[in-house]
file my_file_28.cif (mmCIF, N, CA and C atoms)
data_final
#
loop_
_atom_site.label_atom_id
_atom_site.label_comp_id
_atom_site.auth_asym_id
_atom_site.auth_seq_id
_atom_site.Cartn_x
_atom_site.Cartn_y
_atom_site.Cartn_z
N MET D 1 -24.92 -7.71 -58.63
CA MET D 1 -25.93 -7.52 -59.64
C MET D 1 -27.15 -8.33 -59.25
N ASN D 2 -28.27 -7.94 -59.80
CA ASN D 2 -29.47 -8.73 -59.54
C ASN D 2 -29.70 -9.69 -60.70
N ALA D 3 -30.69 -10.53 -60.60
CA ALA D 3 -30.91 -11.62 -61.56
C ALA D 3 -31.24 -11.15 -62.97
N ASP D 4 -31.94 -10.01 -63.10
CA ASP D 4 -32.31 -9.55 -64.43
C ASP D 4 -31.39 -8.46 -64.99
N LEU D 5 -30.26 -8.26 -64.31
CA LEU D 5 -29.21 -7.32 -64.72
C LEU D 5 -29.72 -5.89 -64.91
N THR D 6 -30.62 -5.47 -64.02
CA THR D 6 -31.08 -4.09 -64.03
C THR D 6 -30.38 -3.26 -62.95
N GLN D 7 -29.68 -3.91 -62.05
CA GLN D 7 -29.03 -3.23 -60.93
C GLN D 7 -27.64 -3.81 -60.68
N PHE D 8 -26.65 -2.92 -60.63
CA PHE D 8 -25.28 -3.32 -60.31
C PHE D 8 -24.80 -2.46 -59.15
N THR D 9 -24.12 -3.09 -58.21
CA THR D 9 -23.50 -2.37 -57.10
C THR D 9 -22.01 -2.66 -57.17
N VAL D 10 -21.23 -1.60 -57.30
CA VAL D 10 -19.78 -1.72 -57.42
C VAL D 10 -19.16 -1.18 -56.14
N GLN D 11 -18.48 -2.04 -55.39
CA GLN D 11 -17.85 -1.62 -54.15
C GLN D 11 -16.46 -1.05 -54.46
N VAL D 12 -16.20 0.15 -53.95
CA VAL D 12 -14.93 0.83 -54.24
C VAL D 12 -14.33 1.39 -52.96
N ASP D 13 -13.06 1.70 -53.03
CA ASP D 13 -12.36 2.40 -51.96
C ASP D 13 -12.61 3.89 -52.20
N ALA D 14 -13.41 4.51 -51.35
CA ALA D 14 -13.80 5.91 -51.55
C ALA D 14 -12.60 6.86 -51.60
N ALA D 15 -11.55 6.54 -50.88
CA ALA D 15 -10.37 7.40 -50.86
C ALA D 15 -9.65 7.41 -52.20
N ARG D 16 -9.82 6.35 -52.98
CA ARG D 16 -9.12 6.25 -54.27
C ARG D 16 -10.06 6.44 -55.45
N PHE D 17 -11.35 6.55 -55.22
CA PHE D 17 -12.34 6.67 -56.30
C PHE D 17 -12.31 8.08 -56.88
N SER D 18 -12.29 8.18 -58.22
CA SER D 18 -12.34 9.48 -58.87
C SER D 18 -13.55 9.52 -59.81
N ALA D 19 -13.93 10.71 -60.18
CA ALA D 19 -15.10 10.88 -61.06
C ALA D 19 -14.90 10.16 -62.39
N LEU D 20 -13.68 10.06 -62.86
CA LEU D 20 -13.42 9.38 -64.13
C LEU D 20 -13.76 7.89 -64.05
N GLU D 21 -13.64 7.31 -62.89
CA GLU D 21 -13.95 5.90 -62.74
C GLU D 21 -15.43 5.60 -62.89
N ALA D 22 -16.26 6.61 -62.76
CA ALA D 22 -17.70 6.43 -62.96
C ALA D 22 -18.00 6.04 -64.40
N PHE D 23 -17.08 6.30 -65.32
CA PHE D 23 -17.28 5.90 -66.71
C PHE D 23 -17.29 4.37 -66.88
N TYR D 24 -16.80 3.66 -65.89
CA TYR D 24 -16.89 2.20 -65.93
C TYR D 24 -18.35 1.74 -65.97
N ALA D 25 -19.25 2.60 -65.53
CA ALA D 25 -20.67 2.26 -65.53
C ALA D 25 -21.15 1.92 -66.94
N VAL D 26 -20.54 2.50 -67.95
CA VAL D 26 -20.93 2.25 -69.34
C VAL D 26 -20.85 0.75 -69.65
N ILE D 27 -19.87 0.07 -69.13
CA ILE D 27 -19.73 -1.37 -69.35
C ILE D 27 -20.96 -2.11 -68.81
N PHE D 28 -21.42 -1.70 -67.63
CA PHE D 28 -22.59 -2.33 -67.03
C PHE D 28 -23.87 -1.94 -67.78
N TYR D 29 -23.94 -0.69 -68.25
CA TYR D 29 -25.10 -0.25 -69.04
C TYR D 29 -25.25 -1.12 -70.28
N VAL D 30 -24.15 -1.30 -70.99
CA VAL D 30 -24.18 -2.08 -72.23
C VAL D 30 -24.51 -3.55 -71.94
N GLY D 31 -23.82 -4.14 -71.00
CA GLY D 31 -24.06 -5.55 -70.68
C GLY D 31 -25.47 -5.80 -70.19
N GLY D 32 -25.93 -4.99 -69.25
CA GLY D 32 -27.28 -5.16 -68.72
C GLY D 32 -28.35 -4.86 -69.75
N GLY D 33 -28.11 -3.83 -70.57
CA GLY D 33 -29.07 -3.49 -71.61
C GLY D 33 -29.20 -4.58 -72.66
N LEU D 34 -28.07 -5.12 -73.08
CA LEU D 34 -28.11 -6.22 -74.06
C LEU D 34 -28.80 -7.44 -73.49
N TYR D 35 -28.49 -7.79 -72.25
CA TYR D 35 -29.13 -8.94 -71.62
C TYR D 35 -30.65 -8.76 -71.61
N GLN D 36 -31.10 -7.57 -71.20
CA GLN D 36 -32.53 -7.33 -71.13
C GLN D 36 -33.19 -7.42 -72.50
N GLN D 37 -32.54 -6.88 -73.52
CA GLN D 37 -33.10 -6.94 -74.88
C GLN D 37 -33.23 -8.39 -75.35
N PHE D 38 -32.20 -9.20 -75.13
CA PHE D 38 -32.27 -10.62 -75.50
C PHE D 38 -33.29 -11.38 -74.65
N ASP D 39 -33.59 -10.85 -73.47
CA ASP D 39 -34.56 -11.48 -72.58
C ASP D 39 -36.00 -11.07 -72.93
N GLY D 40 -36.15 -10.19 -73.92
CA GLY D 40 -37.49 -9.81 -74.39
C GLY D 40 -38.03 -8.51 -73.85
N VAL D 41 -37.24 -7.76 -73.11
CA VAL D 41 -37.68 -6.47 -72.60
C VAL D 41 -37.73 -5.49 -73.78
N THR D 42 -38.82 -4.72 -73.90
CA THR D 42 -38.92 -3.77 -75.00
C THR D 42 -37.88 -2.66 -74.82
N ALA D 43 -37.45 -2.10 -75.91
CA ALA D 43 -36.37 -1.10 -75.89
C ALA D 43 -36.70 0.07 -74.98
N ASP D 44 -37.96 0.49 -74.94
CA ASP D 44 -38.34 1.62 -74.09
C ASP D 44 -38.29 1.29 -72.60
N ASP D 45 -38.33 0.01 -72.26
CA ASP D 45 -38.34 -0.40 -70.86
C ASP D 45 -36.97 -0.85 -70.34
N VAL D 46 -35.99 -0.94 -71.22
CA VAL D 46 -34.64 -1.34 -70.80
C VAL D 46 -34.03 -0.23 -69.95
N ASP D 47 -33.53 -0.59 -68.78
CA ASP D 47 -32.81 0.37 -67.94
C ASP D 47 -31.87 -0.41 -67.03
N VAL D 48 -30.79 0.23 -66.67
CA VAL D 48 -29.78 -0.37 -65.79
C VAL D 48 -29.33 0.72 -64.82
N GLN D 49 -29.30 0.38 -63.54
CA GLN D 49 -28.79 1.32 -62.54
C GLN D 49 -27.47 0.79 -62.01
N VAL D 50 -26.49 1.69 -61.89
CA VAL D 50 -25.19 1.33 -61.34
C VAL D 50 -24.90 2.25 -60.16
N ASP D 51 -24.62 1.63 -59.02
CA ASP D 51 -24.27 2.38 -57.82
C ASP D 51 -22.83 2.05 -57.44
N PHE D 52 -22.03 3.08 -57.24
CA PHE D 52 -20.67 2.92 -56.72
C PHE D 52 -20.76 3.18 -55.22
N VAL D 53 -20.40 2.17 -54.44
CA VAL D 53 -20.60 2.20 -52.99
C VAL D 53 -19.25 2.10 -52.28
N ASP D 54 -19.08 2.95 -51.27
CA ASP D 54 -17.87 2.90 -50.43
C ASP D 54 -17.87 1.57 -49.69
N ASN D 55 -16.82 0.77 -49.92
CA ASN D 55 -16.78 -0.56 -49.32
C ASN D 55 -16.59 -0.53 -47.81
N ALA D 56 -16.19 0.60 -47.25
CA ALA D 56 -16.01 0.69 -45.80
C ALA D 56 -17.28 1.13 -45.08
N THR D 57 -18.03 2.05 -45.68
CA THR D 57 -19.19 2.63 -44.99
C THR D 57 -20.54 2.20 -45.58
N GLY D 58 -20.54 1.73 -46.83
CA GLY D 58 -21.79 1.37 -47.49
C GLY D 58 -22.49 2.56 -48.12
N GLU D 59 -21.87 3.74 -48.04
CA GLU D 59 -22.44 4.96 -48.60
C GLU D 59 -22.33 4.95 -50.12
N VAL D 60 -23.41 5.37 -50.80
CA VAL D 60 -23.39 5.48 -52.26
C VAL D 60 -22.60 6.73 -52.62
N ILE D 61 -21.51 6.54 -53.36
CA ILE D 61 -20.63 7.64 -53.76
C ILE D 61 -21.13 8.27 -55.06
N ASP D 62 -21.54 7.43 -55.99
CA ASP D 62 -22.02 7.88 -57.29
C ASP D 62 -23.04 6.87 -57.78
N SER D 63 -24.01 7.35 -58.54
CA SER D 63 -25.05 6.49 -59.04
C SER D 63 -25.52 7.02 -60.39
N GLY D 64 -25.94 6.13 -61.26
CA GLY D 64 -26.46 6.55 -62.55
C GLY D 64 -27.28 5.45 -63.19
N THR D 65 -28.03 5.83 -64.21
CA THR D 65 -28.84 4.86 -64.93
C THR D 65 -28.57 4.96 -66.42
N LEU D 66 -28.85 3.89 -67.11
CA LEU D 66 -28.72 3.86 -68.56
C LEU D 66 -29.60 4.93 -69.19
N ARG D 67 -30.84 5.05 -68.74
CA ARG D 67 -31.78 6.04 -69.30
C ARG D 67 -31.23 7.45 -69.16
N ASP D 68 -30.73 7.79 -67.98
CA ASP D 68 -30.17 9.14 -67.76
C ASP D 68 -28.99 9.38 -68.68
N TRP D 69 -28.15 8.36 -68.83
CA TRP D 69 -26.97 8.49 -69.68
C TRP D 69 -27.38 8.71 -71.14
N LEU D 70 -28.34 7.94 -71.60
CA LEU D 70 -28.82 8.10 -72.99
C LEU D 70 -29.49 9.45 -73.19
N ASP D 71 -30.30 9.88 -72.21
CA ASP D 71 -30.96 11.17 -72.31
C ASP D 71 -29.95 12.31 -72.36
N SER D 72 -28.89 12.21 -71.57
CA SER D 72 -27.87 13.28 -71.57
C SER D 72 -27.10 13.30 -72.89
N ALA D 73 -26.94 12.14 -73.52
CA ALA D 73 -26.25 12.08 -74.80
C ALA D 73 -27.07 12.70 -75.92
N GLU D 74 -28.39 12.69 -75.76
CA GLU D 74 -29.28 13.24 -76.79
C GLU D 74 -29.48 14.73 -76.64
N GLN D 75 -29.14 15.29 -75.49
CA GLN D 75 -29.33 16.72 -75.24
C GLN D 75 -28.28 17.53 -76.02
N PRO D 76 -28.75 18.54 -76.78
CA PRO D 76 -27.77 19.41 -77.45
C PRO D 76 -27.03 20.26 -76.42
N GLU D 77 -25.78 20.52 -76.68
CA GLU D 77 -24.98 21.30 -75.72
C GLU D 77 -25.21 22.76 -75.86
#
call {"tool": "encode", "arguments": {"input": "my_file_28.cif", "output": "structure tokens"}}
result
Amino acid sequence: MNADLTQFTVQVDAARFSALEAFYAVIFYVGGGLYQQFDGVTADDVDVQVDFVDNATGEVIDSGTLRDWLDSAEQPE
């Protein structure tokens, strides 16, 4: 993670990583978002990026942001 909790990099074993594990990003979204709010960042500027990276190759397997997640939750199906 970086100092202002806007970026998290999670190293994973790509052979064992599944799409369901990407839901762990929510924990980082909440933690990073709360930290930023208490640090004085305005609600519209709060964002957190989480990258799941293959620990063997360094390749980004999955990536997402708090903003994208919130925007997708607001979209009608």
call {"tool": "closest_residue", "arguments": {"input": "my_file_28.cif", "among": "D:Val46, D:Gly40, D:Gly64, D:Glu59", "to": "Ala25 of chain D", "atoms": "all atoms listed in the file"}}
result
D:Gly64
call {"tool": "closest_residue", "arguments": {"input": "my_file_28.cif", "among": "D:Thr9, D:Leu20, D:Ala73, D:Met1", "to": "Asp51 of chain D", "atoms": "only N, CA and C atoms"}}
result
D:Thr9
call {"tool": "select_by_dssp", "arguments": {"input": "my_file_28.cif", "residues": "chain D", "states": "strand (DSSP E or B)", "output": "list in words"}}
result
Gln7, Phe8, Thr9, Val10, Gln11, Val12, Gln49, Val50, Asp51, Phe52, Val53, Asp54, Val60, Ile61, Asp62, Ser63, Gly64 and Thr65 of chain D
call {"tool": "write_last_selection", "arguments": {"input": "my_file_28.cif", "atoms": "N, CA and C atoms", "output": "mmCIF file, in the frame of the given file"}}
result
data_model
loop_
_atom_site.group_PDB
_atom_site.id
_atom_site.type_symbol
_atom_site.label_atom_id
_atom_site.label_comp_id
_atom_site.auth_asym_id
_atom_site.auth_seq_id
_atom_site.Cartn_x
_atom_site.Cartn_y
_atom_site.Cartn_z
ATOM 1 N N GLN D 7 -29.680 -3.910 -62.050
ATOM 2 C CA GLN D 7 -29.030 -3.230 -60.930
ATOM 3 C C GLN D 7 -27.640 -3.810 -60.680
ATOM 4 N N PHE D 8 -26.650 -2.920 -60.630
ATOM 5 C CA PHE D 8 -25.280 -3.320 -60.310
ATOM 6 C C PHE D 8 -24.800 -2.460 -59.150
ATOM 7 N N THR D 9 -24.120 -3.090 -58.210
ATOM 8 C CA THR D 9 -23.500 -2.370 -57.100
ATOM 9 C C THR D 9 -22.010 -2.660 -57.170
ATOM 10 N N VAL D 10 -21.230 -1.600 -57.300
ATOM 11 C CA VAL D 10 -19.780 -1.720 -57.420
ATOM 12 C C VAL D 10 -19.160 -1.180 -56.140
ATOM 13 N N GLN D 11 -18.480 -2.040 -55.390
ATOM 14 C CA GLN D 11 -17.850 -1.620 -54.150
ATOM 15 C C GLN D 11 -16.460 -1.050 -54.460
ATOM 16 N N VAL D 12 -16.200 0.150 -53.950
ATOM 17 C CA VAL D 12 -14.930 0.830 -54.240
ATOM 18 C C VAL D 12 -14.330 1.390 -52.960
ATOM 19 N N GLN D 49 -29.300 0.380 -63.540
ATOM 20 C CA GLN D 49 -28.790 1.320 -62.540
ATOM 21 C C GLN D 49 -27.470 0.790 -62.010
ATOM 22 N N VAL D 50 -26.490 1.690 -61.890
ATOM 23 C CA VAL D 50 -25.190 1.330 -61.340
ATOM 24 C C VAL D 50 -24.900 2.250 -60.160
ATOM 25 N N ASP D 51 -24.620 1.630 -59.020
ATOM 26 C CA ASP D 51 -24.270 2.380 -57.820
ATOM 27 C C ASP D 51 -22.830 2.050 -57.440
ATOM 28 N N PHE D 52 -22.030 3.080 -57.240
ATOM 29 C CA PHE D 52 -20.670 2.920 -56.720
ATOM 30 C C PHE D 52 -20.760 3.180 -55.220
ATOM 31 N N VAL D 53 -20.400 2.170 -54.440
ATOM 32 C CA VAL D 53 -20.600 2.200 -52.990
ATOM 33 C C VAL D 53 -19.250 2.100 -52.280
ATOM 34 N N ASP D 54 -19.080 2.950 -51.270
ATOM 35 C CA ASP D 54 -17.870 2.900 -50.430
ATOM 36 C C ASP D 54 -17.870 1.570 -49.690
ATOM 37 N N VAL D 60 -23.410 5.370 -50.800
ATOM 38 C CA VAL D 60 -23.390 5.480 -52.260
ATOM 39 C C VAL D 60 -22.600 6.730 -52.620
ATOM 40 N N ILE D 61 -21.510 6.540 -53.360
ATOM 41 C CA ILE D 61 -20.630 7.640 -53.760
ATOM 42 C C ILE D 61 -21.130 8.270 -55.060
ATOM 43 N N ASP D 62 -21.540 7.430 -55.990
ATOM 44 C CA ASP D 62 -22.020 7.880 -57.290
ATOM 45 C C ASP D 62 -23.040 6.870 -57.780
ATOM 46 N N SER D 63 -24.010 7.350 -58.540
ATOM 47 C CA SER D 63 -25.050 6.490 -59.040
ATOM 48 C C SER D 63 -25.520 7.020 -60.390
ATOM 49 N N GLY D 64 -25.940 6.130 -61.260
ATOM 50 C CA GLY D 64 -26.460 6.550 -62.550
ATOM 51 C C GLY D 64 -27.280 5.450 -63.190
ATOM 52 N N THR D 65 -28.030 5.830 -64.210
ATOM 53 C CA THR D 65 -28.840 4.860 -64.930
ATOM 54 C C THR D 65 -28.570 4.960 -66.420
#
call {"tool": "select_by_dssp", "arguments": {"input": "my_file_28.cif", "residues": "chain D", "states": "alpha helix (DSSP H)", "output": "PDB file with N, CA and C atoms, keeping the file's coordinate frame"}}
result
ATOM      1  N   ALA D  25     -19.250   2.600 -65.530  1.00  0.00           N
ATOM      2  CA  ALA D  25     -20.670   2.260 -65.530  1.00  0.00           C
ATOM      3  C   ALA D  25     -21.150   1.920 -66.940  1.00  0.00           C
ATOM      4  N   VAL D  26     -20.540   2.500 -67.950  1.00  0.00           N
ATOM      5  CA  VAL D  26     -20.930   2.250 -69.340  1.00  0.00           C
ATOM      6  C   VAL D  26     -20.850   0.750 -69.650  1.00  0.00           C
ATOM      7  N   ILE D  27     -19.870   0.070 -69.130  1.00  0.00           N
ATOM      8  CA  ILE D  27     -19.730  -1.370 -69.350  1.00  0.00           C
ATOM      9  C   ILE D  27     -20.960  -2.110 -68.810  1.00  0.00           C
ATOM     10  N   PHE D  28     -21.420  -1.700 -67.630  1.00  0.00           N
ATOM     11  CA  PHE D  28     -22.590  -2.330 -67.030  1.00  0.00           C
ATOM     12  C   PHE D  28     -23.870  -1.940 -67.780  1.00  0.00           C
ATOM     13  N   TYR D  29     -23.940  -0.690 -68.250  1.00  0.00           N
ATOM     14  CA  TYR D  29     -25.100  -0.250 -69.040  1.00  0.00           C
ATOM     15  C   TYR D  29     -25.250  -1.120 -70.280  1.00  0.00           C
ATOM     16  N   VAL D  30     -24.150  -1.300 -70.990  1.00  0.00           N
ATOM     17  CA  VAL D  30     -24.180  -2.080 -72.230  1.00  0.00           C
ATOM     18  C   VAL D  30     -24.510  -3.550 -71.940  1.00  0.00           C
ATOM     19  N   GLY D  31     -23.820  -4.140 -71.000  1.00  0.00           N
ATOM     20  CA  GLY D  31     -24.060  -5.550 -70.680  1.00  0.00           C
ATOM     21  C   GLY D  31     -25.470  -5.800 -70.190  1.00  0.00           C
ATOM     22  N   GLY D  32     -25.930  -4.990 -69.250  1.00  0.00           N
ATOM     23  CA  GLY D  32     -27.280  -5.160 -68.720  1.00  0.00           C
ATOM     24  C   GLY D  32     -28.350  -4.860 -69.750  1.00  0.00           C
ATOM     25  N   GLY D  33     -28.110  -3.830 -70.570  1.00  0.00           N
ATOM     26  CA  GLY D  33     -29.070  -3.490 -71.610  1.00  0.00           C
ATOM     27  C   GLY D  33     -29.200  -4.580 -72.660  1.00  0.00           C
ATOM     28  N   LEU D  34     -28.070  -5.120 -73.080  1.00  0.00           N
ATOM     29  CA  LEU D  34     -28.110  -6.220 -74.060  1.00  0.00           C
ATOM     30  C   LEU D  34     -28.800  -7.440 -73.490  1.00  0.00           C
ATOM     31  N   TYR D  35     -28.490  -7.790 -72.250  1.00  0.00           N
ATOM     32  CA  TYR D  35     -29.130  -8.940 -71.620  1.00  0.00           C
ATOM     33  C   TYR D  35     -30.650  -8.760 -71.610  1.00  0.00           C
ATOM     34  N   GLN D  36     -31.100  -7.570 -71.200  1.00  0.00           N
ATOM     35  CA  GLN D  36     -32.530  -7.330 -71.130  1.00  0.00           C
ATOM     36  C   GLN D  36     -33.190  -7.420 -72.500  1.00  0.00           C
ATOM     37  N   GLN D  37     -32.540  -6.880 -73.520  1.00  0.00           N
ATOM     38  CA  GLN D  37     -33.100  -6.940 -74.880  1.00  0.00           C
ATOM     39  C   GLN D  37     -33.230  -8.390 -75.350  1.00  0.00           C
ATOM     40  N   PHE D  38     -32.200  -9.200 -75.130  1.00  0.00           N
ATOM     41  CA  PHE D  38     -32.270 -10.620 -75.500  1.00  0.00           C
ATOM     42  C   PHE D  38     -33.290 -11.380 -74.650  1.00  0.00           C
ATOM     43  N   LEU D  66     -28.850   3.890 -67.110  1.00  0.00           N
ATOM     44  CA  LEU D  66     -28.720   3.860 -68.560  1.00  0.00           C
ATOM     45  C   LEU D  66     -29.600   4.930 -69.190  1.00  0.00           C
ATOM     46  N   ARG D  67     -30.840   5.050 -68.740  1.00  0.00           N
ATOM     47  CA  ARG D  67     -31.780   6.040 -69.300  1.00  0.00           C
ATOM     48  C   ARG D  67     -31.230   7.450 -69.160  1.00  0.00           C
ATOM     49  N   ASP D  68     -30.730   7.790 -67.980  1.00  0.00           N
ATOM     50  CA  ASP D  68     -30.170   9.140 -67.760  1.00  0.00           C
ATOM     51  C   ASP D  68     -28.990   9.380 -68.680  1.00  0.00           C
ATOM     52  N   TRP D  69     -28.150   8.360 -68.830  1.00  0.00           N
ATOM     53  CA  TRP D  69     -26.970   8.490 -69.680  1.00  0.00           C
ATOM     54  C   TRP D  69     -27.380   8.710 -71.140  1.00  0.00           C
ATOM     55  N   LEU D  70     -28.340   7.940 -71.600  1.00  0.00           N
ATOM     56  CA  LEU D  70     -28.820   8.100 -72.990  1.00  0.00           C
ATOM     57  C   LEU D  70     -29.490   9.450 -73.190  1.00  0.00           C
ATOM     58  N   ASP D  71     -30.300   9.880 -72.210  1.00  0.00           N
ATOM     59  CA  ASP D  71     -30.960  11.170 -72.310  1.00  0.00           C
ATOM     60  C   ASP D  71     -29.950  12.310 -72.360  1.00  0.00           C
ATOM     61  N   SER D  72     -28.890  12.210 -71.570  1.00  0.00           N
ATOM     62  CA  SER D  72     -27.870  13.280 -71.570  1.00  0.00           C
ATOM     63  C   SER D  72     -27.100  13.300 -72.890  1.00  0.00           C
ATOM     64  N   ALA D  73     -26.940  12.140 -73.520  1.00  0.00           N
ATOM     65  CA  ALA D  73     -26.250  12.080 -74.800  1.00  0.00           C
ATOM     66  C   ALA D  73     -27.070  12.700 -75.920  1.00  0.00           C
ATOM     67  N   GLU D  74     -28.390  12.690 -75.760  1.00  0.00           N
ATOM     68  CA  GLU D  74     -29.280  13.240 -76.790  1.00  0.00           C
ATOM     69  C   GLU D  74     -29.480  14.730 -76.640  1.00  0.00           C
TER      70      GLU D  74
END
call {"tool": "resolve_selection", "arguments": {"input": "my_file_28.cif", "expression": "the PyMOL selection byres (((chain D and resi 50 and name CA) around 9) and name CA)", "output": "NGL selection string"}}
result
:D and (6-10 or 25 or 28-29 or 48-49 or 51-52 or 62-66)
call {"tool": "closest_residue", "arguments": {"input": "my_file_28.cif", "among": "D:Asp47, D:Ala3, D:Gln75, D:Gly58", "to": "Gly33 of chain D", "atoms": "all atoms listed in the file"}}
result
D:Asp47
call {"tool": "atom_distance", "arguments": {"input": "my_file_28.cif", "atom1": "atom CA of Gly32 of chain D", "atom2": "atom CA of Asp4 of chain D"}}
result
7.9 Å
call {"tool": "atom_distance", "arguments": {"input": "my_file_28.cif", "atom1": "atom N of Ser72 of chain D", "atom2": "atom CA of Val26 of chain D"}}
result
12.9 Å
call {"tool": "closest_residue", "arguments": {"input": "my_file_28.cif", "among": "D:Glu74, D:Ile61, D:Arg67, D:Asn55", "to": "Ala19 of chain D", "atoms": "only C-alpha atoms"}}
result
D:Ile61
call {"tool": "atom_distance", "arguments": {"input": "my_file_28.cif", "atom1": "atom CA of Val53 of chain D", "atom2": "atom CA of Gln11 of chain D"}}
result
4.8 Å
call {"tool": "closest_residue", "arguments": {"input": "my_file_28.cif", "among": "D:Leu5, D:Val41, D:Ala14, D:Leu34", "to": "Asp54 of chain D", "atoms": "only C-alpha atoms"}}
result
D:Ala14
